[in-house]
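These notes are about the structure you will find just below.
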Amino acid sequence: MSGAALSVDGLTKRFQDIVAADELSLEVAAGSFTAVTGPSGSGKSTLLHLVGAIESADGGSITVDSVEVTALRRKKLSEYRRTVGFVFQRYHLLPALTALDNVIAPVLPFKVGFDKRARARELLDAVGLAGRERALPAQLSGGQQQRVAIARALIGRPKLLLADEPTGNLDSANGTQILDLLLELRDERGMTVLLATHEQHIAARCDRLIRLADGRLIEDIDLTEGEPPESTLARATQLRL
Ligand SMILES: Nc1ncnc2c1ncn2[C@@H]1O[C@H](COP(=O)(O)OP(=O)(O)OP(=O)(O)O)[C@@H](O)[C@H]1O
Ligand SMILES: [Mg+2]
C-alpha cells in the first residue's frame, strides 16, 4: 500500500470575518510525515478538516492523488472521506463499545471486502493492545485509548492519515510513544501523515515542518535534509519551536 500525494492550491476558508485558511498552497509527497505547527487559532485544525472533507472550502482546491476533493459531491465525497483516517486529541471513542468494536465502528455500516473483526484484531495487535480487545474505553489509560483511536483510523487502510494534536492530552513519555507508533505505522503501511501539534519534541521528529499563522503558511522546513541533529531537543531548539 502506498500513501496519497496531496496538493493544496489557494485554499480559503472563512468563518464570518475570520479567515482560517488564507489562500494556502502546499504540496505534500506521498508517504511523507508532516508536522503542522503554529499558534492557537492559526488554522491547523481547519487545514486538516478541509483536507479530510469534514468541512468545505470557500475557495481554492485540494487534490488527493488524481482526485480533486473540492469538486466532489455527495456519494463521491463520502467515498473519499472513507479513504482518510482521522485521529483526534480527545480520542472520541464510543464509551459503550469495547476496544474491538470501536475499531470496527467506521466500517460497520458498509459492505467491505475483508473480515472486519480479523482486521480489527490485527490492528489492535499492531498498536500494542493484543489481549485488550474486550476492554471498554474507561478501563484503558489515555495512551491506550489513543492507540485504539489509531487502530480505528486505520481500519479502512487510508492512504492519508490526519492527526489533530494526537499527543495533546498525553504526558510527554506517552506522547513520544504515540509518535513512535505513528512513525512506525507509516514506515510499514506507507500512508501519508499530516499531524497538527504544538509540541516541539513531536514536531522535531517529523520529516517536514510547516508553520501556519493567521491561515497562511509562513515557514516550511525539510527536516530530512542536512546534518542530523545531536538530539531531538537540539533540533527543536534549532527550529525555535
Ligand atoms: N466552526 C467555527 N466557527 C467559527 N470560527 C471557527 C470555527 N472553526 C475555527 N474557527 C476559527 O478559525 C480560526 C482557525 O481555527 P483552528 O481551529 O483551525 O486553529 P488551530 O490552529 O487548530 O488552533 P488550536 O491550536 O487552538 O487547535 C480561529 O480563529 C478559530 O476561532
Ligand atoms: Mg486545532
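Chain lettering (A, B, ...) mirrors the order of the C-alpha cells, residue numbering begins at 1 for each chain separately, and ligand numbering begins at 1 in order of display.
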
Leaving out Arg152 in chain A and any residue of its chain fewer than 4 positions from it, which residues lie within 12 Å of it when counting only C-alpha atoms, given as a PyMOL selection string? chain A and resi 82+84-88+91-94+98-108+116-117+119-124+126-127+145-148+156-158+161

Grab the residues selected above and save them as a short mmCIF file (atom, residue, chain, number, x, y, z; two decimals), in the first residue's frame with N, CA, C and O atoms.
data_model
loop_
_atom_site.label_atom_id
_atom_site.label_comp_id
_atom_site.auth_asym_id
_atom_site.auth_seq_id
_atom_site.Cartn_x
_atom_site.Cartn_y
_atom_site.Cartn_z
N ARG A 82 -14.05 8.11 3.38
CA ARG A 82 -13.72 6.78 3.90
C ARG A 82 -12.30 6.35 3.57
O ARG A 82 -11.81 5.36 4.11
N VAL A 84 -9.80 8.37 4.18
CA VAL A 84 -8.97 9.20 5.06
C VAL A 84 -9.14 8.72 6.49
O VAL A 84 -10.26 8.44 6.93
N GLY A 85 -8.04 8.61 7.24
CA GLY A 85 -8.13 8.27 8.66
C GLY A 85 -7.95 9.51 9.50
O GLY A 85 -7.13 10.37 9.16
N PHE A 86 -8.73 9.63 10.58
CA PHE A 86 -8.63 10.79 11.49
C PHE A 86 -8.30 10.33 12.89
O PHE A 86 -8.89 9.37 13.39
N VAL A 87 -7.38 11.04 13.53
CA VAL A 87 -7.09 10.81 14.95
C VAL A 87 -7.20 12.17 15.63
O VAL A 87 -6.67 13.17 15.12
N PHE A 88 -7.92 12.21 16.78
CA PHE A 88 -8.16 13.48 17.45
C PHE A 88 -7.47 13.53 18.82
O PHE A 88 -7.13 12.50 19.39
N TYR A 91 -9.46 11.50 21.57
CA TYR A 91 -9.71 10.09 21.21
C TYR A 91 -11.08 9.85 20.56
O TYR A 91 -11.17 9.14 19.57
N HIS A 92 -12.17 10.44 21.17
CA HIS A 92 -13.51 10.28 20.60
C HIS A 92 -13.93 8.83 20.43
O HIS A 92 -14.54 8.47 19.42
N LEU A 93 -13.62 7.99 21.41
CA LEU A 93 -14.09 6.60 21.35
C LEU A 93 -15.53 6.56 21.84
O LEU A 93 -15.96 7.42 22.62
N LEU A 94 -16.27 5.56 21.40
CA LEU A 94 -17.65 5.38 21.89
C LEU A 94 -17.56 4.62 23.21
O LEU A 94 -17.07 3.48 23.26
N THR A 98 -16.60 -1.90 23.20
CA THR A 98 -15.27 -2.44 23.52
C THR A 98 -14.24 -1.84 22.55
O THR A 98 -14.60 -1.27 21.50
N ALA A 99 -12.97 -2.02 22.90
CA ALA A 99 -11.88 -1.57 22.02
C ALA A 99 -12.08 -2.14 20.61
O ALA A 99 -12.01 -1.41 19.61
N LEU A 100 -12.37 -3.44 20.53
CA LEU A 100 -12.52 -4.09 19.22
C LEU A 100 -13.68 -3.47 18.43
O LEU A 100 -13.53 -3.15 17.24
N ASP A 101 -14.82 -3.26 19.10
CA ASP A 101 -15.98 -2.70 18.40
C ASP A 101 -15.75 -1.24 18.01
O ASP A 101 -16.26 -0.78 16.98
N ASN A 102 -14.97 -0.49 18.81
CA ASN A 102 -14.62 0.87 18.42
C ASN A 102 -13.81 0.87 17.12
O ASN A 102 -14.00 1.73 16.26
N VAL A 103 -12.91 -0.10 16.99
CA VAL A 103 -12.06 -0.16 15.79
C VAL A 103 -12.92 -0.52 14.57
O VAL A 103 -12.73 0.01 13.47
N ILE A 104 -13.91 -1.39 14.77
CA ILE A 104 -14.77 -1.82 13.66
C ILE A 104 -15.78 -0.73 13.26
O ILE A 104 -16.20 -0.66 12.10
N ALA A 105 -16.14 0.14 14.23
CA ALA A 105 -17.25 1.09 14.03
C ALA A 105 -17.27 1.84 12.69
O ALA A 105 -18.33 1.90 12.05
N PRO A 106 -16.13 2.38 12.20
CA PRO A 106 -16.22 3.15 10.95
C PRO A 106 -16.67 2.33 9.74
O PRO A 106 -17.25 2.88 8.81
N VAL A 107 -16.40 1.01 9.75
CA VAL A 107 -16.77 0.20 8.58
C VAL A 107 -18.03 -0.62 8.83
O VAL A 107 -18.51 -1.32 7.93
N LEU A 108 -18.57 -0.53 10.05
CA LEU A 108 -19.73 -1.35 10.41
C LEU A 108 -20.90 -1.26 9.43
O LEU A 108 -21.46 -2.28 9.04
N LYS A 116 -13.93 -7.92 8.96
CA LYS A 116 -13.81 -6.74 9.83
C LYS A 116 -13.17 -7.08 11.17
O LYS A 116 -12.29 -6.36 11.65
N ARG A 117 -13.65 -8.15 11.80
CA ARG A 117 -13.13 -8.50 13.13
C ARG A 117 -11.67 -8.91 13.06
O ARG A 117 -10.88 -8.54 13.91
N ARG A 119 -9.45 -7.97 10.86
CA ARG A 119 -8.59 -6.81 10.63
C ARG A 119 -8.50 -5.96 11.90
O ARG A 119 -7.43 -5.43 12.23
N ALA A 120 -9.61 -5.81 12.62
CA ALA A 120 -9.58 -5.01 13.85
C ALA A 120 -8.63 -5.64 14.87
O ALA A 120 -7.88 -4.94 15.55
N ARG A 121 -8.65 -6.96 14.96
CA ARG A 121 -7.73 -7.66 15.88
C ARG A 121 -6.29 -7.42 15.47
O ARG A 121 -5.42 -7.16 16.30
N GLU A 122 -6.04 -7.53 14.18
CA GLU A 122 -4.68 -7.33 13.65
C GLU A 122 -4.20 -5.92 13.98
O GLU A 122 -3.06 -5.70 14.41
N LEU A 123 -5.11 -4.94 13.85
CA LEU A 123 -4.73 -3.55 14.13
C LEU A 123 -4.49 -3.31 15.62
O LEU A 123 -3.55 -2.61 15.99
N LEU A 124 -5.34 -3.90 16.46
CA LEU A 124 -5.11 -3.74 17.91
C LEU A 124 -3.78 -4.36 18.30
O LEU A 124 -3.06 -3.83 19.15
N ALA A 126 -1.20 -4.50 16.22
CA ALA A 126 -0.18 -3.59 15.67
C ALA A 126 0.04 -2.36 16.56
O ALA A 126 1.13 -1.80 16.59
N VAL A 127 -1.00 -1.92 17.27
CA VAL A 127 -0.82 -0.75 18.15
C VAL A 127 -0.47 -1.16 19.59
O VAL A 127 -0.47 -0.33 20.49
N GLN A 145 -6.14 4.47 25.02
CA GLN A 145 -7.32 4.92 24.27
C GLN A 145 -6.89 5.53 22.93
O GLN A 145 -7.53 5.31 21.90
N GLN A 146 -5.78 6.28 22.96
CA GLN A 146 -5.32 6.87 21.69
C GLN A 146 -4.85 5.77 20.74
O GLN A 146 -5.02 5.87 19.53
N ARG A 147 -4.29 4.68 21.27
CA ARG A 147 -3.90 3.55 20.41
C ARG A 147 -5.12 2.92 19.75
O ARG A 147 -5.08 2.54 18.58
N VAL A 148 -6.21 2.80 20.51
CA VAL A 148 -7.46 2.27 19.93
C VAL A 148 -7.92 3.22 18.81
O VAL A 148 -8.31 2.78 17.72
N GLY A 156 -9.90 1.26 7.51
CA GLY A 156 -10.21 1.34 6.07
C GLY A 156 -8.96 1.41 5.19
O GLY A 156 -9.05 1.73 4.02
N ARG A 157 -7.77 1.12 5.75
CA ARG A 157 -6.48 1.23 5.04
C ARG A 157 -6.36 2.59 4.35
O ARG A 157 -6.24 2.66 3.11
N PRO A 158 -6.39 3.68 5.12
CA PRO A 158 -6.34 5.00 4.50
C PRO A 158 -4.99 5.28 3.83
O PRO A 158 -3.96 4.81 4.31
N LEU A 161 -3.52 9.91 6.55
CA LEU A 161 -3.90 9.91 7.97
C LEU A 161 -3.76 11.34 8.49
O LEU A 161 -2.69 11.95 8.36
#

For the interface of chain A with ligand 2 (cut-off 10 Å, counting only C-alpha atoms and all ligand atoms), please tabulate each contacting residue of chain A alongside its nearest pair of atoms and their separation in Å to one decimal, rows sorted by chain and increasing number, as JSON lines.
{"residue": "A:Thr37", "atom": "CA", "partner": "ligand 2", "partner_atom_place_in_ligand_line": "1 (Mg)", "distance": 9.7}
{"residue": "A:Gly38", "atom": "CA", "partner": "ligand 2", "partner_atom_place_in_ligand_line": "1 (Mg)", "distance": 9.6}
{"residue": "A:Pro39", "atom": "CA", "partner": "ligand 2", "partner_atom_place_in_ligand_line": "1 (Mg)", "distance": 9.2}
{"residue": "A:Ser40", "atom": "CA", "partner": "ligand 2", "partner_atom_place_in_ligand_line": "1 (Mg)", "distance": 6.8}
{"residue": "A:Gly41", "atom": "CA", "partner": "ligand 2", "partner_atom_place_in_ligand_line": "1 (Mg)", "distance": 7.0}
{"residue": "A:Ser42", "atom": "CA", "partner": "ligand 2", "partner_atom_place_in_ligand_line": "1 (Mg)", "distance": 8.2}
{"residue": "A:Gly43", "atom": "CA", "partner": "ligand 2", "partner_atom_place_in_ligand_line": "1 (Mg)", "distance": 7.0}
{"residue": "A:Lys44", "atom": "CA", "partner": "ligand 2", "partner_atom_place_in_ligand_line": "1 (Mg)", "distance": 5.4}
{"residue": "A:Ser45", "atom": "CA", "partner": "ligand 2", "partner_atom_place_in_ligand_line": "1 (Mg)", "distance": 4.0}
{"residue": "A:Thr46", "atom": "CA", "partner": "ligand 2", "partner_atom_place_in_ligand_line": "1 (Mg)", "distance": 7.2}
{"residue": "A:Leu47", "atom": "CA", "partner": "ligand 2", "partner_atom_place_in_ligand_line": "1 (Mg)", "distance": 9.2}
{"residue": "A:Leu48", "atom": "CA", "partner": "ligand 2", "partner_atom_place_in_ligand_line": "1 (Mg)", "distance": 8.9}
{"residue": "A:His49", "atom": "CA", "partner": "ligand 2", "partner_atom_place_in_ligand_line": "1 (Mg)", "distance": 9.7}
{"residue": "A:Phe88", "atom": "CA", "partner": "ligand 2", "partner_atom_place_in_ligand_line": "1 (Mg)", "distance": 9.6}
{"residue": "A:Gln89", "atom": "CA", "partner": "ligand 2", "partner_atom_place_in_ligand_line": "1 (Mg)", "distance": 9.0}
{"residue": "A:Asp164", "atom": "CA", "partner": "ligand 2", "partner_atom_place_in_ligand_line": "1 (Mg)", "distance": 6.6}
{"residue": "A:Glu165", "atom": "CA", "partner": "ligand 2", "partner_atom_place_in_ligand_line": "1 (Mg)", "distance": 7.2}
{"residue": "A:Ala196", "atom": "CA", "partner": "ligand 2", "partner_atom_place_in_ligand_line": "1 (Mg)", "distance": 7.3}
{"residue": "A:Thr197", "atom": "CA", "partner": "ligand 2", "partner_atom_place_in_ligand_line": "1 (Mg)", "distance": 8.3}
{"residue": "A:His198", "atom": "CA", "partner": "ligand 2", "partner_atom_place_in_ligand_line": "1 (Mg)", "distance": 9.3}

Requested write-out: N, CA and C atoms of the selected residues, as a compact mmCIF listing (two decimals), in the first residue's frame:
# COMPACT_ATOMS: atom_id res chain seq x y z
N THR A 37 2.39 23.10 12.43
CA THR A 37 2.52 23.82 13.69
C THR A 37 1.99 25.24 13.52
N GLY A 38 2.02 25.98 14.62
CA GLY A 38 1.54 27.37 14.59
C GLY A 38 0.72 27.62 15.83
N PRO A 39 0.57 28.90 16.21
CA PRO A 39 -0.15 29.21 17.44
C PRO A 39 -1.62 28.81 17.39
N SER A 40 -2.25 28.82 18.55
CA SER A 40 -3.67 28.53 18.64
C SER A 40 -4.44 29.49 17.73
N GLY A 41 -5.34 28.97 16.94
CA GLY A 41 -6.13 29.81 16.04
C GLY A 41 -5.47 30.08 14.70
N SER A 42 -4.30 29.45 14.44
CA SER A 42 -3.58 29.74 13.19
C SER A 42 -4.16 28.98 12.00
N GLY A 43 -5.02 27.98 12.27
CA GLY A 43 -5.66 27.29 11.15
C GLY A 43 -5.24 25.84 10.97
N LYS A 44 -4.58 25.26 11.96
CA LYS A 44 -4.10 23.86 11.82
C LYS A 44 -5.28 22.90 11.68
N SER A 45 -6.23 22.98 12.61
CA SER A 45 -7.37 22.06 12.54
C SER A 45 -8.18 22.33 11.28
N THR A 46 -8.34 23.60 10.94
CA THR A 46 -9.10 23.94 9.73
C THR A 46 -8.48 23.26 8.51
N LEU A 47 -7.15 23.31 8.39
CA LEU A 47 -6.49 22.69 7.25
C LEU A 47 -6.79 21.18 7.23
N LEU A 48 -6.68 20.53 8.39
CA LEU A 48 -6.94 19.08 8.44
C LEU A 48 -8.40 18.77 8.11
N HIS A 49 -9.32 19.59 8.63
CA HIS A 49 -10.75 19.36 8.34
C HIS A 49 -11.07 19.55 6.86
N PHE A 88 -7.92 12.21 16.78
CA PHE A 88 -8.16 13.48 17.45
C PHE A 88 -7.47 13.53 18.82
N GLN A 89 -7.38 14.74 19.35
CA GLN A 89 -6.74 14.93 20.65
C GLN A 89 -7.47 14.16 21.75
N ASP A 164 -4.94 15.30 14.59
CA ASP A 164 -5.04 16.66 15.13
C ASP A 164 -4.65 16.65 16.61
N GLU A 165 -3.42 17.06 16.90
CA GLU A 165 -2.86 17.05 18.26
C GLU A 165 -3.08 15.70 18.96
N ALA A 196 -1.04 17.76 13.27
CA ALA A 196 -1.01 19.09 13.88
C ALA A 196 -0.50 18.96 15.31
N THR A 197 0.41 19.82 15.69
CA THR A 197 0.94 19.76 17.06
C THR A 197 1.48 21.11 17.52
N HIS A 198 1.42 21.31 18.84
CA HIS A 198 2.03 22.47 19.49
C HIS A 198 3.39 22.10 20.06

Polymer residues at most 12 Å from Val28 in chain A, only C-alpha atoms, same-chain spacing of 3 or more positions, as a ChimeraX atom specification: /A:3-9,25,31-36,51,62-65,160,191-194,207-210,220,222

What is the distance between CA of Gln139 in chain A and CA of Leu185 in chain A, in Å to one decimal?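 That distance, rounded to one decimal, is 24.7 Å.
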
Using only C-alpha atoms and all ligand atoms: which of A:Val19, A:Ala29, A:Leu195, A:Ala118 has the shortest distance to ligand 1: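 That would be A:Val19, the residue with the smallest distance to ligand 1.
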
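The coordinates place CA of Gly168 in chain A at 9.8 Å from atom 27 (O, counted along the ligand's line) of ligand 1.
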
Within range 41-237 of chain A, find each residue whose DSSP state, derived from the backbone, is helix (DSSP H, G or I), and express the selection as a PyMOL selection string. chain A and resi 44-51+69-71+74-81+99-107+116-126+137-139+142-154+172-189+200-203+232-237
